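Q: coords.cif (mmCIF, C-alpha atoms) pasted underneath:
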data_entry
#
loop_
_atom_site.group_PDB
_atom_site.id
_atom_site.type_symbol
_atom_site.label_atom_id
_atom_site.label_comp_id
_atom_site.auth_asym_id
_atom_site.auth_seq_id
_atom_site.Cartn_x
_atom_site.Cartn_y
_atom_site.Cartn_z
ATOM 1 C CA ASP A 18 -25.459 6.351 9.123
ATOM 2 C CA VAL A 19 -21.797 5.551 9.778
ATOM 3 C CA ALA A 20 -20.468 2.013 9.645
ATOM 4 C CA PRO A 21 -18.773 0.798 12.827
ATOM 5 C CA SER A 22 -15.013 0.771 12.937
ATOM 6 C CA ARG A 23 -13.446 -2.572 12.170
ATOM 7 C CA GLY A 24 -11.300 -2.493 15.281
ATOM 8 C CA LEU A 25 -7.732 -2.125 16.352
ATOM 9 C CA GLY A 26 -6.676 -5.333 14.580
ATOM 10 C CA ASP A 27 -7.436 -3.801 11.196
ATOM 11 C CA VAL A 28 -5.474 -0.672 12.098
ATOM 12 C CA TYR A 29 -2.420 -2.830 12.764
ATOM 13 C CA LYS A 30 -3.097 -4.824 9.592
ATOM 14 C CA ARG A 31 -3.214 -1.636 7.486
ATOM 15 C CA GLN A 32 -0.031 -0.308 9.061
ATOM 16 C CA GLY A 33 1.689 -3.657 8.613
ATOM 17 C CA ILE A 34 0.688 -3.835 4.953
ATOM 18 C CA CYS A 35 2.044 -0.347 4.291
ATOM 19 C CA LEU A 36 5.303 -0.972 6.128
ATOM 20 C CA ALA A 37 5.860 -4.421 4.616
ATOM 21 C CA SER A 38 5.095 -3.170 1.088
ATOM 22 C CA MET A 39 7.541 -0.316 1.514
ATOM 23 C CA LEU A 40 10.357 -2.447 2.933
ATOM 24 C CA TRP A 41 9.837 -5.252 0.405
ATOM 25 C CA SER A 42 9.856 -2.837 -2.536
ATOM 26 C CA ILE A 43 12.985 -1.046 -1.314
ATOM 27 C CA TRP A 44 14.704 -4.405 -0.757
ATOM 28 C CA LEU A 45 13.856 -5.598 -4.281
ATOM 29 C CA ALA A 46 15.002 -2.287 -5.813
ATOM 30 C CA ARG A 47 18.238 -2.544 -3.845
ATOM 31 C CA ASN A 48 18.811 -6.121 -5.030
ATOM 32 C CA ASP A 49 18.090 -5.116 -8.619
ATOM 33 C CA PHE A 50 20.691 -2.366 -8.308
ATOM 34 C CA VAL A 51 23.327 -4.578 -6.670
ATOM 35 C CA PHE A 52 22.937 -7.573 -8.975
ATOM 36 C CA ASN A 53 21.792 -5.966 -12.252
ATOM 37 C CA LYS A 54 23.070 -2.388 -11.906
ATOM 38 C CA SER A 55 19.502 -1.259 -12.563
ATOM 39 C CA ARG A 56 18.305 2.032 -11.098
ATOM 40 C CA ILE A 57 14.761 3.074 -10.329
ATOM 41 C CA SER A 58 13.514 6.608 -9.854
ATOM 42 C CA GLY A 59 11.971 7.642 -6.576
ATOM 43 C CA ARG A 60 8.623 8.246 -8.317
ATOM 44 C CA ASN A 61 8.590 4.762 -9.862
ATOM 45 C CA LEU A 62 9.500 3.219 -6.523
ATOM 46 C CA GLU A 63 6.612 5.119 -4.921
ATOM 47 C CA LEU A 64 4.199 3.795 -7.563
ATOM 48 C CA ILE A 65 5.444 0.228 -7.054
ATOM 49 C CA ILE A 66 5.003 0.530 -3.281
ATOM 50 C CA LYS A 67 1.454 1.869 -3.708
ATOM 51 C CA TYR A 68 0.617 -0.924 -6.148
ATOM 52 C CA ARG A 69 1.923 -3.641 -3.836
ATOM 53 C CA ALA A 70 0.165 -2.142 -0.814
ATOM 54 C CA PHE A 71 -3.124 -1.826 -2.740
ATOM 55 C CA THR A 72 -2.934 -5.407 -3.992
ATOM 56 C CA TRP A 73 -2.223 -6.684 -0.485
ATOM 57 C CA ALA A 74 -4.987 -4.522 1.046
ATOM 58 C CA GLN A 75 -7.418 -5.776 -1.589
ATOM 59 C CA VAL A 76 -6.584 -9.424 -0.890
ATOM 60 C CA SER A 77 -6.998 -8.683 2.839
ATOM 61 C CA ASN A 78 -10.471 -7.200 2.172
ATOM 62 C CA LEU A 79 -9.449 -3.745 3.352
ATOM 63 C CA VAL A 80 -10.340 -2.154 -0.001
ATOM 64 C CA ALA A 81 -12.717 -3.124 -2.791
ATOM 65 C CA PRO A 82 -11.639 -3.958 -6.333
ATOM 66 C CA GLY A 83 -11.678 -0.997 -8.684
ATOM 67 C CA MET A 84 -10.523 1.588 -6.155
ATOM 68 C CA GLU A 85 -6.985 1.888 -7.558
ATOM 69 C CA ASN A 86 -7.417 5.505 -8.676
ATOM 70 C CA ILE A 87 -8.595 6.620 -5.242
ATOM 71 C CA TRP A 88 -5.812 4.582 -3.621
ATOM 72 C CA ASN A 89 -3.155 6.257 -5.779
ATOM 73 C CA LEU A 90 -4.393 9.693 -4.740
ATOM 74 C CA ASP A 91 -4.952 8.971 -1.048
ATOM 75 C CA PRO A 92 -4.750 5.443 0.445
ATOM 76 C CA ARG A 93 -6.273 6.580 3.758
ATOM 77 C CA ALA A 94 -9.319 8.052 2.001
ATOM 78 C CA CYS A 95 -9.703 4.821 0.036
ATOM 79 C CA ILE A 96 -9.801 2.744 3.227
ATOM 80 C CA ASN A 97 -12.200 5.209 4.871
ATOM 81 C CA LEU A 98 -14.550 4.953 1.870
ATOM 82 C CA GLN A 99 -14.394 1.177 2.107
ATOM 83 C CA GLU A 100 -15.339 1.363 5.787
ATOM 84 C CA GLY A 101 -18.159 3.805 5.044
ATOM 85 C CA ARG A 102 -16.539 6.736 6.848
ATOM 86 C CA SER A 103 -15.825 10.245 5.724
ATOM 87 C CA SER A 104 -12.492 10.728 3.972
ATOM 88 C CA SER A 105 -11.394 13.328 6.521
ATOM 89 C CA CYS A 106 -8.915 11.966 9.020
#
If you took the structure in this file and wrote it as structure tokens, what would it be?

A:
Amino acid sequence: DVAPSRGLGDVYKRQGICLASMLWSIWLARNDFVFNKSRISGRNLELIIKYRAFTWAQVSNLVAPGMENIWNLDPRACINLQEGRSSSC
């Protein structure tokens, strides 16, 4: 039994969360470099983006608490699990 899709609004919400998390994290890293001469590795920036996106998705009820490990491996699979769908996309 497959759960019904949440609709196009949630697709836009997920995309918006990912895009906003990415842009916000890059902006903050840029500001930290400009004002504090602090550098961040690409891998650390990626982890920060994933963390911010997961936190935002969790608050928006797109993913359940405790799914951080799945999210870090594959955010799309995490959302599909939350919606009761197969992880294949």

Q: Nearest residue to A:Asn89 out of A:Gly33, A:Gln75, A:Trp44, A:Tyr68, using only C-alpha atoms?

A: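 Nearest candidate to A:Asn89 out of A:Gly33, A:Gln75, A:Trp44, A:Tyr68: A:Tyr68.
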
Q: I want to know what sits within 12 Å of A:Trp73, based on all atoms listed in the file, with residues of the same chain fewer than 2 positions away left out; could you give that as a ChimeraX atom specification?

A: /A:30-39,66-71,75-82

Q: What's the separation between atom CA of A:Ser58 and atom CA of A:Ile96, in Å to one decimal place?

A: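 Distance between the two atoms: 27.0 Å.
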
Q: Calculate how many Å separate atom CA of A:Leu98 from atom CA of A:Gly59, rounding to one decimal.

A: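 We find that atom CA of A:Leu98 and atom CA of A:Gly59 lie 28.0 Å from each other.
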
Q: Could you please determine the separation between atom CA of A:Val28 and atom CA of A:Leu45 in Å, to one decimal place?

A: 25.8 Å

Q: Point out the residue among A:Ala46, A:Leu64, A:Val51, A:Ile57 with the least atom-to-atom distance to A:Asn86, counting all atoms listed in the file.

A: A:Leu64

Q: Starting from 5 Å padding per side, set up an axis-aligned box that covers all listed atoms of stretch 27-46 of chain A and hand over centre and edge lengths in Å, one decimal, as AutoDock Vina command-line options.

A:
--center_x 3.8 --center_y -3.0 --center_z 3.5 --size_x 32.4 --size_y 15.3 --size_z 28.6
